[in-house]
Amino acid sequence: MSLQIKAFGQTDVGRKRTGNEDAYLVDDKHGFHIVADGMGGHNAGEVASATAIEVVREHLLAHKEVLDKLAASPDPANGEAAQKLVEAAVQKASQSIFEMAREDVAKRGMGTTFVGLFVAGAKAVLGHVGDSRVYLFRQGQAHCLTEDHTLIGAQLKAGTITKEEAAKSPYRNVITRAVGIQPSVQVDTLLLDLLPGDVFMLCSDGLHGYLRDEEPSLLLGAAPVNELGGKLIDLANARGGKDNITCVCVGVEGEVNASTRELATEAAAKMEALRKISLFRHLSYKEQSAILSIAMTRSYPAGREIVVEGQEGNELFVILRGRIVIEKDGQAVTELRGGHHFGEMGLIDSAPRSATIRAKDPTRVMIIERGDLMTLMRKDPVLSVKLLWSFVQVISERLRLTTRELSNTRQALAVLQEGELEEDEGAYGVDEDDEASA
């Protein structure tokens with residue numbers, strides 16, 4: 001699939017500040033898009049944001065072959081390598097800014113937020129530190145792909161504060177992660193599919209701080225990509241403009257044909273199917289996107305075995321289209337169609353499969369492997385807790401169903417045994433009429 005990327009960046013000092021410590025990069029040639037919001041006195045914030053962008057850009061260019069491999073072959077291994085490259089680039093920027101601040105007293109404590117979108121063919125890698133954001137506008141809906149690394153953000157995530165309380169909190173601007181404050185920093189990364197019609201918006205908090213929850217879905221599709229940034233900056237200034245305002249808008253274009261329509265349909269089917277699975281139902285859009293980034297897709301012709309009874313397996317399968325039949329001891333038990341899943345217990349252990357799964361029609365499935373899921377969970381503790389809690393709920397529900405079935409079986413067996421006992425008494429006992437006549 002051939003995609004064209006059109007990106008436009010714009011920054012504004014706002015209505016309250018005298019200097020602009022934000023910086024951005026739009027590198028059409030290499031597909032690099034960055035927004036950085038600097039902090040620190042004596043122009044140190046401006047230095048930090050500009051340095052972060054330059055160091056990251058140079059590091060990615062020096063290892064461009066990693067992104068080229070992802071563009072040529074978008075498999076999970078190349079995706080993981082690209083995410084590690086982006087993380088390493090941001091870490092190098094953090095080290096550089098920290099060293100600069102240590103050598104110059106006037107720049108002590110300087111740092112910057114960072115959000116970047118790096119295109120590699122039909123994939124993109126997102127890197128994020130701080131409270132700048134990335135939104136994805138897809139099929140009429142906007143989704144925030146980042147989580148603010150702020151004290152308020154942590155409290156909201158933990159459920160210790162409400163949105164109403166957060167809006168009035170004196171700690172709204174306390175950032176818990178920034179590039180350059182320490183020699184290293186934890187970097188959030190995400191691997192994404194690109195589809196024709198997608199619009200990404202990268203921005204500093206001087207913009208998103210003025211947006212209400214429902215507004216990105218209304219605003220991001222309301223203007224062409226080349227005009228969108230200016231309109232959003234004007235909106236932020238009209239609502240106060242208390243901070244520097246920076247916005248980079250990235251539009252994805254491609255020929256709309258049968259192939260691209262199929263990709264868009266499959267992407268929607270994957271997300272919809274994932275949301276229906278109890279294990280992933282309560283994840284955020286960003287977290288569900290992270291799950292999809294480690295998933296593979298595979299096609300099976302009619303009659304082909306997908307899972308073999310008795311063989312060990314460590315995958316969850318989700319049917320995207322087609323039909324499968326479940327066989328037990330060589331006998332067909334039931335059928336499943338698109339949207340259903342099977343094999344989820346393989347994500348817990350490698351116990352032998354209890355049945356054979358065979359494609360009845362040409363079938364396409366999404367596959368999530370246990371090892372890839374464990375790696376993702378180790379990287380994201382909050383995601384890990386959510387998944388583990390969902391695992392507990394799934395297993396608990398299965399235990400309840402099993403207990404209920406056993407109880408019903410015992411009752412049925414007791415009734416059967418009681419009936420057999422009565423038959424035995426009737427066959428060998430004394431008839432009451434005979435006893436009376438005697």
# chains A, B, ... in the order shown; residues from 1 in each chain; ligands from 1

call {"tool": "residues_around", "arguments": {"residues": "region 241-245 of chain A", "least_positions_apart": "3", "cutoff": "7 Å", "atoms": "only C-alpha atoms", "output": "VMD selection string"}}
result
chain A and resid 11 to 17 20 22 204 206 to 207 233 236 to 238

call {"tool": "closest_atom_pairs", "arguments": {"of": "region 149-212 of chain A", "to": "region 246-262 of chain A", "cutoff": "6 Å", "atoms": "only C-alpha atoms", "output": "Markdown table"}}
result
| residue | atom | partner | partner_atom | distance |
| --- | --- | --- | --- | --- |
| A:Pro196 | CA | A:Glu253 | CA | 4.7 |
| A:Gly197 | CA | A:Val252 | CA | 5.6 |
| A:Asp198 | CA | A:Val252 | CA | 5.2 |
| A:Val199 | CA | A:Gly251 | CA | 4.6 |
| A:Phe200 | CA | A:Val250 | CA | 5.0 |
| A:Met201 | CA | A:Cys249 | CA | 4.6 |
| A:Leu202 | CA | A:Val248 | CA | 5.1 |
| A:Cys203 | CA | A:Cys247 | CA | 4.4 |
| A:Ser204 | CA | A:Thr246 | CA | 5.5 |

call {"tool": "select_by_dssp", "arguments": {"residues": "region 160-245 of chain A", "states": "alpha helix (DSSP H)", "output": "ChimeraX atom specification"}}
result
/A:163-168,205-208,215-219,225-238

call {"tool": "write_last_selection", "arguments": {"atoms": "C-alpha atoms", "output": "compact mmCIF listing (two decimals), in the first residue's frame"}}
result
# COMPACT_ATOMS: atom_id res chain seq x y z
CA LYS A 163 -12.09 15.39 36.67
CA GLU A 164 -13.91 18.25 38.38
CA GLU A 165 -11.38 18.28 41.22
CA ALA A 166 -8.49 18.02 38.75
CA ALA A 167 -9.66 21.14 36.91
CA LYS A 168 -9.35 23.17 40.13
CA ASP A 205 -0.49 21.62 26.58
CA GLY A 206 -0.97 25.24 25.50
CA LEU A 207 -3.46 23.81 23.01
CA HIS A 208 -4.96 20.67 24.52
CA GLU A 215 -14.05 18.51 21.06
CA PRO A 216 -11.17 16.69 19.29
CA SER A 217 -13.69 14.47 17.46
CA LEU A 218 -15.52 17.59 16.28
CA LEU A 219 -12.50 19.74 15.44
CA VAL A 225 -4.78 19.34 7.37
CA ASN A 226 -2.92 22.41 6.08
CA GLU A 227 -5.43 24.74 7.77
CA LEU A 228 -6.14 22.72 10.90
CA GLY A 229 -3.19 23.86 13.02
CA GLY A 230 -3.88 27.55 12.51
CA LYS A 231 -7.54 27.16 13.41
CA LEU A 232 -6.67 25.22 16.59
CA ILE A 233 -4.08 27.82 17.64
CA ASP A 234 -6.63 30.60 17.06
CA LEU A 235 -9.08 28.68 19.25
CA ALA A 236 -6.54 28.35 22.08
CA ASN A 237 -5.73 32.08 21.91
CA ALA A 238 -9.42 32.98 21.88

call {"tool": "residues_around", "arguments": {"residues": "region 265-274 of chain A", "least_positions_apart": "3", "cutoff": "9 Å", "atoms": "only C-alpha atoms", "output": "list in words"}}
result
Asp193, Leu195, Thr260, Arg261, Glu262, Ile277, Ser278, Leu279, Phe280, Arg281, Tyr285, Gln288, Ser289, Ile291, Leu292, Val318, Ile319, Leu320, Arg321, Gly338, Gly339, His340, His341 and Met366 of chain A

call {"tool": "atom_distance", "arguments": {"atom1": "CA of Leu316 (chain A)", "atom2": "CA of Asp380 (chain A)"}}
result
20.1 Å

call {"tool": "residues_around", "arguments": {"residues": "Arg337 (chain A)", "least_positions_apart": "5", "cutoff": "12 Å", "atoms": "only C-alpha atoms", "output": "list in words"}}
result
Ala273, Val318, Ile319, Leu320, Arg321, Gly322, Arg323, Ile324, Val325, Ile326, Phe342, Arg358, Ala359, Lys360, Asp361, Pro362, Thr363, Arg364 and Val365 of chain A

call {"tool": "residues_around", "arguments": {"residues": "region 61-70 of chain A", "least_positions_apart": "6", "cutoff": "7 Å", "atoms": "only C-alpha atoms", "output": "list in words"}}
result
Asn78, Gly79, Ala81, Ala82 and Ala120 of chain A

call {"tool": "closest_atom_pairs", "arguments": {"of": "region 85-119 of chain A", "to": "region 35-59 of chain A", "cutoff": "9 Å", "atoms": "only C-alpha atoms", "output": "Markdown table"}}
result
| residue | atom | partner | partner_atom | distance |
| --- | --- | --- | --- | --- |
| A:Leu85 | CA | A:His59 | CA | 8.5 |
| A:Val86 | CA | A:Val56 | CA | 7.8 |
| A:Ala88 | CA | A:His59 | CA | 8.4 |
| A:Ala89 | CA | A:Val56 | CA | 4.9 |
| A:Val90 | CA | A:Val56 | CA | 5.9 |
| A:Gln91 | CA | A:Val56 | CA | 8.8 |
| A:Lys92 | CA | A:Val55 | CA | 7.1 |
| A:Ala93 | CA | A:Ala52 | CA | 5.0 |
| A:Ser94 | CA | A:Ala52 | CA | 7.2 |
| A:Ser96 | CA | A:Thr51 | CA | 7.9 |
| A:Ile97 | CA | A:Ala48 | CA | 6.1 |
| A:Ala101 | CA | A:Ala44 | CA | 8.5 |
| A:Ala106 | CA | A:His42 | CA | 6.7 |
| A:Lys107 | CA | A:Ala44 | CA | 5.2 |
| A:Arg108 | CA | A:Gly40 | CA | 7.8 |
| A:Gly109 | CA | A:Gly40 | CA | 6.3 |
| A:Met110 | CA | A:Gly40 | CA | 4.5 |
| A:Gly111 | CA | A:Ala48 | CA | 5.4 |
| A:Thr112 | CA | A:Gly38 | CA | 4.0 |
| A:Thr113 | CA | A:Asp37 | CA | 5.1 |
| A:Phe114 | CA | A:Ala36 | CA | 4.6 |
| A:Val115 | CA | A:Val35 | CA | 5.5 |
| A:Gly116 | CA | A:Val35 | CA | 6.4 |

call {"tool": "select_by_dssp", "arguments": {"residues": "region 178-364 of chain A", "states": "strand (DSSP E or B)", "output": "PyMOL selection string"}}
result
chain A and resi 179+188-193+199-203+245-254+296-300+305-307+312+315-321+323-328+331-337+341-342+352+356-359+363-364

call {"tool": "write_last_selection", "arguments": {"atoms": "C-alpha atoms", "output": "compact mmCIF listing (two decimals), in the first residue's frame"}}
result
# COMPACT_ATOMS: atom_id res chain seq x y z
CA VAL A 179 13.38 14.88 29.06
CA ASP A 188 6.28 5.54 26.32
CA THR A 189 6.26 4.07 22.81
CA LEU A 190 3.47 2.75 20.61
CA LEU A 191 3.45 1.06 17.21
CA LEU A 192 0.58 2.11 14.96
CA ASP A 193 -0.98 1.17 11.63
CA VAL A 199 -5.13 12.58 10.78
CA PHE A 200 -2.66 12.83 13.68
CA MET A 201 -2.42 15.96 15.78
CA LEU A 202 0.65 16.50 17.99
CA CYS A 203 0.38 19.44 20.39
CA ILE A 245 0.81 26.94 21.62
CA THR A 246 2.29 24.43 19.19
CA CYS A 247 0.57 22.04 16.81
CA VAL A 248 1.77 19.60 14.14
CA CYS A 249 -0.94 18.03 11.98
CA VAL A 250 -0.13 14.93 9.94
CA GLY A 251 -2.49 13.69 7.23
CA VAL A 252 -2.29 10.23 5.69
CA GLU A 253 -3.38 9.96 2.07
CA GLY A 254 -3.53 7.01 -0.27
CA MET A 296 -0.25 -11.00 13.79
CA THR A 297 -2.79 -11.87 11.11
CA ARG A 298 -2.88 -15.14 9.20
CA SER A 299 -5.13 -16.70 6.57
CA TYR A 300 -6.19 -20.37 6.45
CA GLU A 305 -6.22 -27.13 10.90
CA ILE A 306 -5.58 -24.01 12.98
CA VAL A 307 -5.23 -25.77 16.34
CA GLU A 312 0.51 -27.36 23.29
CA GLU A 315 -1.80 -18.17 21.36
CA LEU A 316 -5.17 -16.49 21.45
CA PHE A 317 -6.98 -16.55 18.09
CA VAL A 318 -9.59 -14.00 17.01
CA ILE A 319 -11.66 -14.72 13.90
CA LEU A 320 -11.73 -11.65 11.64
CA ARG A 321 -13.66 -13.27 8.81
CA ARG A 323 -15.89 -19.70 9.76
CA ILE A 324 -14.25 -22.39 11.89
CA VAL A 325 -15.46 -25.71 13.27
CA ILE A 326 -14.50 -27.09 16.67
CA GLU A 327 -13.85 -30.85 16.67
CA LYS A 328 -13.56 -33.12 19.70
CA GLN A 331 -16.45 -35.16 15.87
CA ALA A 332 -17.71 -31.66 15.03
CA VAL A 333 -19.02 -29.95 18.17
CA THR A 334 -19.86 -26.39 17.10
CA GLU A 335 -18.98 -23.59 14.71
CA LEU A 336 -17.73 -20.04 15.24
CA ARG A 337 -17.80 -17.06 12.88
CA HIS A 341 -12.25 -15.98 19.64
CA PHE A 342 -10.72 -19.18 20.99
CA PRO A 352 -2.47 -29.25 25.53
CA THR A 356 -9.07 -29.28 17.13
CA ILE A 357 -10.02 -26.06 15.36
CA ARG A 358 -10.42 -26.29 11.60
CA ALA A 359 -11.22 -23.60 9.02
CA THR A 363 -10.65 -17.84 7.27
CA ARG A 364 -8.50 -14.96 8.47

call {"tool": "residues_around", "arguments": {"residues": "Ala122 (chain A)", "least_positions_apart": "3", "cutoff": "8 Å", "atoms": "only C-alpha atoms", "output": "PyMOL selection string"}}
result
chain A and resi 1-3+71+74+119+193-195

call {"tool": "write_last_selection", "arguments": {"atoms": "C-alpha atoms", "output": "tab-separated table (two decimals), in the first residue's frame"}}
result
chain	number	residue	atom	x	y	z
A	1	MET	CA	0.00	0.00	0.00
A	2	SER	CA	1.46	3.34	-1.08
A	3	LEU	CA	0.77	6.18	1.36
A	71	ALA	CA	8.72	-0.18	6.39
A	74	PRO	CA	6.11	-4.69	9.30
A	119	VAL	CA	6.60	7.14	9.87
A	193	ASP	CA	-0.98	1.17	11.63
A	194	LEU	CA	-1.45	4.02	9.16
A	195	LEU	CA	-4.61	4.12	7.06
